[in-house]
$ cat model32.tsv   # TSV, C-alpha atoms and all ligand atoms
chain	number	residue	atom	x	y	z
M	888	MET	CA	90.24	100.10	73.87
M	889	ASN	CA	90.38	103.86	73.80
M	890	THR	CA	87.90	104.92	76.41
M	891	PHE	CA	88.03	107.86	78.79
M	892	ALA	CA	89.20	105.61	81.63
M	893	ASP	CA	92.22	104.41	79.64
M	894	THR	CA	93.55	107.92	79.29
M	895	PHE	CA	94.39	108.18	83.00
M	896	CYS	CA	97.90	108.07	84.36
M	897	ALA	CA	96.87	106.05	87.41
M	898	ASP	CA	98.87	105.45	90.59
M	899	LEU	CA	96.70	103.49	92.99
M	900	HIS	CA	99.14	102.38	95.66
M	901	CYS	CA	101.30	104.54	97.94
M	902	HIS	CA	101.91	105.39	101.59
M	903	SER	CA	101.89	108.54	103.72
M	904	THR	CA	102.97	109.37	107.28
M	905	VAL	CA	99.65	107.84	108.34
M	906	SER	CA	101.39	104.47	107.84
M	907	ASP	CA	105.01	103.98	106.75
M	908	GLY	CA	105.53	106.66	104.09
M	909	VAL	CA	107.53	109.83	104.72
M	910	PHE	CA	105.23	112.48	103.18
M	911	THR	CA	101.94	113.73	104.62
M	912	PRO	CA	98.81	112.90	102.60
M	913	ASP	CA	98.52	116.44	101.24
M	914	ASP	CA	102.21	116.61	100.25
M	915	LEU	CA	101.80	113.25	98.51
M	916	ALA	CA	98.78	114.53	96.58
M	917	ARG	CA	100.88	117.44	95.29
M	918	ARG	CA	103.79	115.15	94.49
M	919	ALA	CA	101.45	112.86	92.55
M	920	LYS	CA	100.06	115.80	90.60
M	921	ASP	CA	103.55	117.18	89.86
M	922	SER	CA	104.63	113.71	88.68
M	923	GLY	CA	101.89	113.62	86.05
M	924	VAL	CA	99.48	111.32	87.90
M	925	THR	CA	95.85	112.03	86.92
M	926	LEU	CA	94.09	109.34	88.98
M	927	TRP	CA	95.44	108.74	92.45
M	928	SER	CA	94.76	106.69	95.57
M	929	LEU	CA	96.45	106.84	98.97
M	930	THR	CA	96.57	103.27	100.31
M	931	ASP	CA	97.99	103.42	103.83
M	932	HIS	CA	98.35	100.13	105.71
M	933	ASP	CA	95.25	99.20	107.76
M	934	GLU	CA	94.26	102.83	108.35
M	935	LEU	CA	91.90	105.40	106.80
M	936	SER	CA	92.78	108.54	108.74
M	937	GLY	CA	94.59	110.07	105.74
M	938	GLN	CA	91.65	109.67	103.37
M	939	ALA	CA	89.80	112.92	104.06
M	940	ILE	CA	92.83	115.16	103.57
M	941	ALA	CA	94.06	113.15	100.57
M	942	SER	CA	90.74	113.39	98.73
M	943	GLU	CA	90.23	117.04	99.70
M	944	THR	CA	93.69	118.06	98.49
M	945	ALA	CA	93.27	115.99	95.32
M	946	ARG	CA	90.00	117.81	94.61
M	947	GLU	CA	91.59	121.21	95.19
M	948	ILE	CA	94.48	120.56	92.78
M	949	GLY	CA	92.43	118.81	90.10
M	950	LEU	CA	93.50	115.20	90.63
M	951	HIS	CA	90.93	112.41	90.31
M	952	TYR	CA	90.87	110.44	93.55
M	953	LEU	CA	89.76	106.96	94.70
M	954	THR	CA	89.64	106.11	98.41
M	955	GLY	CA	92.23	103.48	99.23
M	956	VAL	CA	93.67	101.16	101.86
M	957	GLU	CA	96.15	98.27	101.97
M	958	ILE	CA	94.90	95.61	104.37
M	959	SER	CA	97.29	93.16	106.04
M	960	VAL	CA	95.94	89.61	105.65
M	961	THR	CA	97.25	86.23	106.74
M	962	TRP	CA	96.63	83.46	104.21
M	963	ALA	CA	98.29	80.02	104.33
M	964	ASN	CA	100.67	81.25	107.05
M	965	GLN	CA	102.02	84.15	105.03
M	966	THR	CA	101.15	87.84	104.85
M	967	VAL	CA	99.23	88.97	101.79
M	968	HIS	CA	98.31	92.60	101.16
M	969	ILE	CA	94.86	93.40	99.80
M	970	VAL	CA	94.32	96.86	98.40
M	971	GLY	CA	90.78	98.23	98.62
M	972	LEU	CA	89.70	101.00	96.24
M	973	GLY	CA	86.65	103.19	95.78
M	974	PHE	CA	84.86	102.39	99.07
M	975	ASN	CA	82.99	104.54	101.57
M	976	PRO	CA	85.68	105.50	104.13
M	977	THR	CA	83.13	105.94	106.93
M	978	ASP	CA	81.68	102.42	106.64
M	979	ALA	CA	81.44	101.22	110.26
M	980	THR	CA	82.31	97.56	109.60
M	981	LEU	CA	85.39	98.45	107.57
M	982	VAL	CA	86.55	101.03	110.12
M	983	GLU	CA	86.12	98.55	112.98
M	984	GLY	CA	87.79	95.72	111.04
M	985	LEU	CA	90.82	97.91	110.39
M	986	ARG	CA	90.96	98.96	114.05
M	987	GLN	CA	91.12	95.28	115.04
M	988	THR	CA	93.74	94.61	112.38
M	989	ARG	CA	95.96	97.37	113.81
M	990	ALA	CA	95.38	96.33	117.41
M	991	GLY	CA	98.30	93.92	117.84
M	992	ARG	CA	100.94	96.22	116.37
M	993	ALA	CA	102.08	97.91	119.58
M	994	GLN	CA	102.77	94.63	121.37
M	995	ARG	CA	104.41	93.18	118.31
M	996	ALA	CA	106.68	96.23	118.16
M	997	GLN	CA	107.75	95.54	121.75
M	998	ARG	CA	108.61	91.98	120.73
M	999	ILE	CA	110.63	93.20	117.75
M	1000	GLY	CA	112.46	95.57	120.11
M	1001	ASN	CA	113.26	92.63	122.43
M	1002	ARG	CA	114.57	90.57	119.54
M	1003	LEU	CA	116.77	93.39	118.34
M	1004	ALA	CA	118.12	93.85	121.89
M	1005	GLU	CA	119.04	90.15	121.94
M	1006	LEU	CA	120.82	90.71	118.64
M	1007	GLY	CA	122.88	93.52	120.18
M	1008	MET	CA	120.76	96.56	119.22
M	1009	PRO	CA	119.10	97.82	122.43
M	1010	GLY	CA	116.48	100.58	122.65
M	1011	ALA	CA	114.98	99.97	119.23
M	1012	PHE	CA	111.33	100.12	120.35
M	1013	GLU	CA	111.82	103.55	121.92
M	1014	GLY	CA	113.97	104.54	118.95
M	1015	ALA	CA	111.43	103.45	116.32
M	1016	LEU	CA	108.42	105.14	117.96
M	1017	PRO	CA	109.28	108.71	116.90
M	1018	PHE	CA	109.56	107.48	113.30
M	1019	ALA	CA	105.93	106.35	113.38
M	1020	GLY	CA	103.71	109.32	112.47
M	1021	ASN	CA	100.83	107.27	113.84
M	1022	PRO	CA	101.70	105.28	116.99
M	1023	GLU	CA	98.88	102.81	116.24
M	1024	LEU	CA	100.65	101.97	113.05
M	1025	ILE	CA	104.18	101.23	114.11
M	1026	SER	CA	105.64	98.94	111.44
M	1027	ARG	CA	108.83	97.19	110.50
M	1028	THR	CA	109.72	100.14	108.27
M	1029	HIS	CA	109.95	102.44	111.32
M	1030	PHE	CA	112.38	100.04	113.00
M	1031	ALA	CA	114.42	99.89	109.81
M	1032	ARG	CA	114.63	103.70	109.67
M	1033	PHE	CA	115.73	103.85	113.29
M	1034	LEU	CA	118.45	101.23	112.76
M	1035	VAL	CA	119.79	103.20	109.80
M	1036	GLN	CA	119.77	106.44	111.78
M	1037	ALA	CA	121.53	104.69	114.67
M	1038	GLY	CA	124.30	103.66	112.28
M	1039	TYR	CA	123.79	99.90	112.32
M	1040	PHE	CA	122.96	99.66	108.60
M	1041	PRO	CA	123.60	101.79	105.51
M	1042	ASN	CA	119.97	101.80	104.31
M	1043	VAL	CA	116.48	100.49	105.00
M	1044	GLN	CA	116.70	97.70	102.43
M	1045	ALA	CA	119.81	96.31	104.14
M	1046	VAL	CA	117.89	96.10	107.44
M	1047	PHE	CA	115.10	94.14	105.79
M	1048	ASP	CA	117.53	91.86	103.98
M	1049	ARG	CA	119.49	91.07	107.14
M	1050	LEU	CA	116.88	91.24	109.92
M	1051	LEU	CA	113.29	92.20	109.17
M	1052	LYS	CA	112.26	90.32	106.02
M	1053	ASP	CA	109.47	87.79	106.56
M	1054	ASP	CA	111.89	84.97	107.44
M	1055	GLY	CA	114.48	87.27	109.04
M	1056	PRO	CA	115.77	86.87	112.62
M	1057	ALA	CA	114.02	89.99	113.96
M	1058	HIS	CA	110.69	89.49	112.25
M	1059	GLU	CA	107.73	88.84	114.53
M	1060	PRO	CA	104.95	87.13	112.60
M	1061	MET	CA	101.40	88.40	113.05
M	1062	GLN	CA	97.96	86.92	112.67
M	1063	TRP	CA	96.41	89.60	110.48
M	1064	ALA	CA	92.86	89.73	109.07
M	1065	THR	CA	91.51	86.77	107.09
M	1066	LEU	CA	91.26	87.09	103.31
M	1067	GLU	CA	87.52	86.61	103.59
M	1068	SER	CA	87.14	89.43	106.13
M	1069	ALA	CA	89.25	91.88	104.13
M	1070	VAL	CA	87.35	91.25	100.89
M	1071	ASN	CA	84.00	91.41	102.70
M	1072	TRP	CA	84.85	94.67	104.50
M	1073	ILE	CA	85.86	96.31	101.23
M	1074	ARG	CA	82.87	95.02	99.29
M	1075	GLY	CA	80.50	95.90	102.14
M	1076	ALA	CA	81.80	99.47	101.94
M	1077	GLY	CA	81.10	99.56	98.20
M	1078	GLY	CA	84.69	99.11	96.99
M	1079	VAL	CA	86.74	96.60	95.03
M	1080	SER	CA	89.57	94.34	96.23
M	1081	VAL	CA	92.94	94.00	94.58
M	1082	ILE	CA	95.75	91.55	95.42
M	1083	ALA	CA	98.77	93.81	95.94
M	1084	HIS	CA	102.16	92.91	94.42
M	1085	PRO	CA	101.47	89.17	93.90
M	1086	GLY	CA	105.05	88.67	92.75
M	1087	ARG	CA	106.32	89.25	96.29
M	1088	TYR	CA	104.70	86.24	97.95
M	1089	LYS	CA	106.63	83.04	98.54
M	1090	TYR	CA	103.86	80.58	97.71
M	1091	THR	CA	104.22	77.38	95.69
M	1092	PRO	CA	102.49	77.33	92.27
M	1093	LEU	CA	99.73	75.24	93.83
M	1094	GLN	CA	99.24	77.75	96.64
M	1095	PHE	CA	99.20	80.66	94.18
M	1096	GLY	CA	96.46	78.90	92.23
M	1097	ALA	CA	94.48	78.38	95.43
M	1098	LEU	CA	94.98	82.03	96.46
M	1099	PHE	CA	93.71	83.35	93.12
M	1100	ASP	CA	90.76	80.90	93.04
M	1101	THR	CA	89.78	81.68	96.63
M	1102	PHE	CA	90.10	85.42	96.11
M	1103	LYS	CA	87.92	85.21	93.03
M	1104	ASP	CA	85.30	83.04	94.79
M	1105	LEU	CA	85.16	85.57	97.63
M	1106	GLY	CA	84.43	88.36	95.17
M	1107	GLY	CA	87.94	89.75	94.65
M	1108	CYS	CA	88.22	91.81	91.45
M	1109	ALA	CA	91.74	92.58	90.45
M	1110	ILE	CA	95.47	92.06	90.87
M	1111	GLU	CA	98.31	94.52	90.64
M	1112	VAL	CA	100.08	93.85	87.38
M	1113	VAL	CA	102.28	96.93	87.09
M	1114	THR	CA	103.72	97.84	90.50
M	1115	GLY	CA	106.99	99.18	91.86
M	1116	SER	CA	107.35	95.82	93.60
M	1117	HIS	CA	107.46	93.85	90.32
M	1118	SER	CA	110.31	93.38	87.90
M	1119	VAL	CA	109.62	93.99	84.20
M	1120	PRO	CA	109.28	90.22	83.51
M	1121	GLN	CA	106.76	90.08	86.36
M	1122	PHE	CA	104.61	92.73	84.59
M	1123	LYS	CA	104.18	90.14	81.82
M	1124	GLU	CA	103.79	87.20	84.18
M	1125	TYR	CA	100.97	88.82	86.17
M	1126	ALA	CA	99.28	90.20	83.07
M	1127	GLN	CA	99.01	86.55	82.03
M	1128	VAL	CA	97.61	85.64	85.47
M	1129	ALA	CA	94.99	88.42	85.11
M	1130	ARG	CA	93.96	87.05	81.70
M	1131	HIS	CA	93.84	83.49	82.96
M	1132	TYR	CA	91.65	84.25	85.99
M	1133	GLY	CA	89.65	87.06	84.43
M	1134	PHE	CA	90.94	89.63	86.92
M	1135	GLN	CA	90.97	93.34	86.25
M	1136	ALA	CA	94.40	94.96	86.47
M	1137	SER	CA	95.75	97.65	88.77
M	1138	CYS	CA	98.81	99.86	88.67
M	1139	GLY	CA	100.62	101.50	91.60
M	1140	SER	CA	104.11	102.56	92.56
M	1141	ASP	CA	103.92	101.46	96.24
M	1142	PHE	CA	105.86	104.66	96.87
M	1143	HIS	CA	107.02	105.23	100.47
M	1144	SER	CA	110.02	107.57	100.27
M	1145	PRO	CA	112.37	108.99	97.62
M	1146	GLU	CA	115.35	107.32	99.30
M	1147	GLU	CA	113.76	103.93	99.86
M	1148	SER	CA	111.40	103.35	96.92
M	1149	ARG	CA	112.61	102.04	93.61
M	1150	ILE	CA	109.83	103.77	91.70
M	1151	ASP	CA	108.43	107.25	92.28
M	1152	LEU	CA	104.78	108.22	91.95
M	1153	GLY	CA	103.54	108.23	88.37
M	1154	SER	CA	106.63	106.70	86.78
M	1155	LEU	CA	105.36	103.22	85.93
M	1156	PRO	CA	104.60	102.03	82.39
M	1157	PRO	CA	100.94	101.70	81.38
M	1158	LEU	CA	98.96	98.48	81.76
M	1159	PRO	CA	98.76	96.12	78.78
M	1160	VAL	CA	95.91	97.46	76.62
M	1161	ASP	CA	93.91	94.22	76.53
M	1162	LEU	CA	93.47	94.17	80.34
M	1163	LYS	CA	90.56	95.95	81.95
M	1164	PRO	CA	91.85	98.65	84.34
M	1165	VAL	CA	90.39	98.26	87.82
M	1166	TRP	CA	89.38	101.93	87.80
M	1167	GLN	CA	87.23	101.66	84.70
M	1168	ASP	CA	84.03	101.01	86.68
M	1169	LEU	CA	85.02	103.30	89.58
M	1170	VAL	CA	85.59	106.70	87.98
W	1201	LIG	P1	104.62	95.48	108.67
W	1201	LIG	O1	103.22	95.85	108.24
W	1201	LIG	O2	105.01	96.13	109.96
W	1201	LIG	O3	104.85	94.00	108.68
W	1201	LIG	O4	105.60	96.12	107.59
W	1201	LIG	C1	105.39	95.86	106.25
W	1201	LIG	C2	106.12	96.90	105.43
W	1201	LIG	O5	107.52	96.69	105.50
W	1201	LIG	C3	105.78	96.77	103.95
W	1201	LIG	O6	104.63	97.50	103.63
W	1201	LIG	C4	106.99	97.36	103.30
W	1201	LIG	O7	106.90	98.77	103.33
W	1201	LIG	C5	108.10	96.92	104.22
W	1201	LIG	N1	108.72	95.64	103.81
W	1201	LIG	C6	108.30	94.39	104.09
W	1201	LIG	N2	109.16	93.47	103.59
W	1201	LIG	C7	110.13	94.16	102.98
W	1201	LIG	C8	111.34	93.79	102.28
W	1201	LIG	N3	111.68	92.50	102.13
W	1201	LIG	N4	112.10	94.78	101.79
W	1201	LIG	C9	111.77	96.08	101.97
W	1201	LIG	N5	110.67	96.50	102.62
W	1201	LIG	C10	109.87	95.55	103.12
W	1202	MN	MN	104.82	99.69	103.66
W	1203	MN	MN	102.38	95.81	100.49
W	1204	MN	MN	102.16	99.17	99.99

$ encode --input "model32.tsv" --output "structure tokens"
Amino acid sequence: MNTFADTFCADLHCHSTVSDGVFTPDDLARRAKDSGVTLWSLTDHDELSGQAIASETAREIGLHYLTGVEISVTWANQTVHIVGLGFNPTDATLVEGLRQTRAGRAQRAQRIGNRLAELGMPGAFEGALPFAGNPELISRTHFARFLVQAGYFPNVQAVFDRLLKDDGPAHEPMQWATLESAVNWIRGAGGVSVIAHPGRYKYTPLQFGALFDTFKDLGGCAIEVVTGSHSVPQFKEYAQVARHYGFQASCGSDFHSPEESRIDLGSLPPLPVDLKPVWQDLV
């Protein structure tokens, strides 16, 4: 294939201060452009308030833009992230669904703070709050940044590994949106759904099969094949999954911060040429 769409350097997954990234949406747009990205999407967790400025800045600097979001979903008792791309960001059902998805975060943050106090780290809720650019979107990452600043851990990854990972002692599980709701909200707003970083989930092979089948039956389109959250062998593994299930393929750094992210914007290898890029029908 050598179509127009294949010539993009696409980065369709990253985070701003609207969720748990460290750069504002407009600074991220400029960073994407400077890194050689030609098709970009800002995919903050459960929140669209960065979309207007991201798309406006992208337009000003000559960067193709797709609206984006990363929705927190609970499926088979684990958290799965569904990226939505190319939707109408003012769609009332999507906006309301995301508001409900965010709603439990403040209380959950209090519970995480209580757990950390029990583990000998008091004041973490109050400490994490200033790290959250958007108080409705306080996340584990903000706690991790506070605990590093307070001197308990050398870096954010160490906090996740010791305390905040999904089965860690300070993690407070959440009941997020259902897979069906997330896919329906995105489709109802005219966009496409993508399973984010499938290599990160701790499902059995049987559960993975059920996840991919269910996602496909619900109208899900694509999976991330090349992402900053995958190892190089996983690029191949999930390319094979995309072929097997007939999914389109997406590519995104999942960039949050220069200090914390393994991969910067725009520095991933291209998708395997036989896979259909998820953006092909969107640009
Ligand atoms: P939350 O939505 O509050 O549960 O936080 C999820 C965010 O925490 C993810 O989007 C990542 O940015 C980060 N995160 C989750 N698990 C890990 C992990 N094991 N290592 C590093 N970061 C993680
Ligand atoms: Mn994140
Ligand atoms: Mn994610
Ligand atoms: Mn992400």

$ closest_residue --input "model32.tsv" --among "M:Thr1101, M:Ser1068, M:Ser1154, M:Thr954" --to "M:Leu1169" --atoms "all atoms listed in the file"
M:Thr954

$ atom_distance --input "model32.tsv" --atom1 "atom O6 of ligand LIG 1201 (chain W)" --atom2 "atom CA of M:Leu1050"
15.1 Å

$ atom_distance --input "model32.tsv" --atom1 "atom CA of M:Val982" --atom2 "atom O3 of ligand LIG 1201 (chain W)"
19.7 Å

$ residues_around --input "model32.tsv" --residues "stretch 1130-1137 of chain M" --least-positions-apart "6" --cutoff "8 Å" --atoms "only C-alpha atoms" --output "CSV table (one decimal) with C-alpha atoms, in the coordinates of the input"
chain,number,residue,atom,x,y,z
M,899,LEU,CA,96.7,103.5,93.0
M,1081,VAL,CA,92.9,94.0,94.6
M,1099,PHE,CA,93.7,83.4,93.1
M,1100,ASP,CA,90.8,80.9,93.0
M,1108,CYS,CA,88.2,91.8,91.4
M,1109,ALA,CA,91.7,92.6,90.4
M,1110,ILE,CA,95.5,92.1,90.9
M,1111,GLU,CA,98.3,94.5,90.6
M,1112,VAL,CA,100.1,93.8,87.4
M,1113,VAL,CA,102.3,96.9,87.1
M,1158,LEU,CA,99.0,98.5,81.8
M,1162,LEU,CA,93.5,94.2,80.3
M,1163,LYS,CA,90.6,96.0,82.0
M,1164,PRO,CA,91.8,98.6,84.3
M,1165,VAL,CA,90.4,98.3,87.8
M,1166,TRP,CA,89.4,101.9,87.8

$ atom_distance --input "model32.tsv" --atom1 "atom CA of M:Ala996" --atom2 "atom C6 of ligand LIG 1201 (chain W)"
14.3 Å

$ residues_near_ligand --input "model32.tsv" --ligand "ligand LIG 1201 (chain W)" --cutoff "7 Å" --atoms "all atoms listed in the file" --output "PyMOL selection string"
chain M and resi 907+932+959+1025-1028+1044+1047-1048+1052-1053

$ write_last_selection --input "model32.tsv" --atoms "C-alpha atoms" --output "compact mmCIF listing (two decimals), keeping the file's coordinate frame"
# COMPACT_ATOMS: atom_id res chain seq x y z
CA ASP M 907 105.01 103.98 106.75
CA HIS M 932 98.35 100.13 105.71
CA SER M 959 97.29 93.16 106.04
CA ILE M 1025 104.18 101.23 114.11
CA SER M 1026 105.64 98.94 111.44
CA ARG M 1027 108.83 97.19 110.50
CA THR M 1028 109.72 100.14 108.27
CA GLN M 1044 116.70 97.70 102.43
CA PHE M 1047 115.10 94.14 105.79
CA ASP M 1048 117.53 91.86 103.98
CA LYS M 1052 112.26 90.32 106.02
CA ASP M 1053 109.47 87.79 106.56

$ closest_residue --input "model32.tsv" --among "M:Glu1059, M:Asp978, M:Glu983, M:Glu1146" --to "M:Pro1041" --atoms "only C-alpha atoms"
M:Glu1146

$ residues_around --input "model32.tsv" --residues "M:Ile999" --least-positions-apart "2" --cutoff "12 Å" --atoms "only C-alpha atoms" --output "MDAnalysis selection string"
chainID M and resid 992:997 1001:1006 1008:1015 1025:1031 1050:1051 1055:1061

$ closest_residue --input "model32.tsv" --among "M:Ile969, M:Ala1019, M:Ala979, M:Leu1024" --to "M:Gly1075" --atoms "only C-alpha atoms"
M:Ala979

$ closest_residue --input "model32.tsv" --among "M:Val970, M:Gln965, M:Ser922, M:Phe895" --to "M:Tyr952" --atoms "all atoms listed in the file"
M:Phe895

$ residues_near_ligand --input "model32.tsv" --ligand "ligand MN 1203 (chain W)" --cutoff "7 Å" --atoms "all atoms listed in the file" --output "JSON, numbers by chain"
{"M": [957, 968, 1083, 1084]}

$ residues_around --input "model32.tsv" --residues "M:Tyr1090" --least-positions-apart "3" --cutoff "9 Å" --atoms "all atoms listed in the file" --output "ChimeraX atom specification"
/M:963,965,1093-1095

$ axis_aligned_box --input "model32.tsv" --around "stretch 1053-1066 of chain M" --padding-each-side "8 Å" --output "lines of an AutoDock Vina configuration file"
center_x = 103.5
center_y = 87.5
center_z = 108.9
size_x = 40.5
size_y = 21.0
size_z = 27.2

$ build_atoms --input "model32.tsv" --residues "stretch 1088-1101 of chain M" --atoms "N, CA, C and O atoms" --output "CSV table (one decimal), keeping the file's coordinate frame"
chain,number,residue,atom,x,y,z
M,1088,TYR,N,105.0,87.3,97.0
M,1088,TYR,CA,104.7,86.2,98.0
M,1088,TYR,C,105.5,85.0,97.6
M,1088,TYR,O,105.8,84.7,96.5
M,1089,LYS,N,105.8,84.2,98.7
M,1089,LYS,CA,106.6,83.0,98.5
M,1089,LYS,C,105.8,81.8,98.6
M,1089,LYS,O,106.0,80.9,99.3
M,1090,TYR,N,104.7,81.8,97.8
M,1090,TYR,CA,103.9,80.6,97.7
M,1090,TYR,C,104.3,79.6,96.6
M,1090,TYR,O,105.0,80.0,95.7
M,1091,THR,N,104.0,78.4,96.8
M,1091,THR,CA,104.2,77.4,95.7
M,1091,THR,C,103.2,77.7,94.6
M,1091,THR,O,102.2,78.3,94.8
M,1092,PRO,N,103.5,77.1,93.4
M,1092,PRO,CA,102.5,77.3,92.3
M,1092,PRO,C,101.1,76.8,92.7
M,1092,PRO,O,100.1,77.5,92.3
M,1093,LEU,N,101.0,75.8,93.4
M,1093,LEU,CA,99.7,75.2,93.8
M,1093,LEU,C,99.0,76.2,94.8
M,1093,LEU,O,97.8,76.5,94.7
M,1094,GLN,N,99.8,76.8,95.7
M,1094,GLN,CA,99.2,77.8,96.6
M,1094,GLN,C,98.8,79.0,95.9
M,1094,GLN,O,97.8,79.6,96.2
M,1095,PHE,N,99.6,79.5,95.0
M,1095,PHE,CA,99.2,80.7,94.2
M,1095,PHE,C,97.9,80.4,93.5
M,1095,PHE,O,97.0,81.3,93.5
M,1096,GLY,N,97.7,79.2,92.9
M,1096,GLY,CA,96.5,78.9,92.2
M,1096,GLY,C,95.3,79.0,93.2
M,1096,GLY,O,94.2,79.5,92.9
M,1097,ALA,N,95.5,78.4,94.4
M,1097,ALA,CA,94.5,78.4,95.4
M,1097,ALA,C,94.2,79.8,95.9
M,1097,ALA,O,93.0,80.1,96.2
M,1098,LEU,N,95.2,80.6,96.0
M,1098,LEU,CA,95.0,82.0,96.5
M,1098,LEU,C,94.1,82.8,95.4
M,1098,LEU,O,93.1,83.4,95.8
M,1099,PHE,N,94.5,82.6,94.2
M,1099,PHE,CA,93.7,83.4,93.1
M,1099,PHE,C,92.3,82.8,93.0
M,1099,PHE,O,91.3,83.6,92.9
M,1100,ASP,N,92.1,81.5,93.1
M,1100,ASP,CA,90.8,80.9,93.0
M,1100,ASP,C,89.9,81.4,94.2
M,1100,ASP,O,88.8,81.7,94.1
M,1101,THR,N,90.5,81.3,95.4
M,1101,THR,CA,89.8,81.7,96.6
M,1101,THR,C,89.4,83.1,96.6
M,1101,THR,O,88.3,83.5,96.9
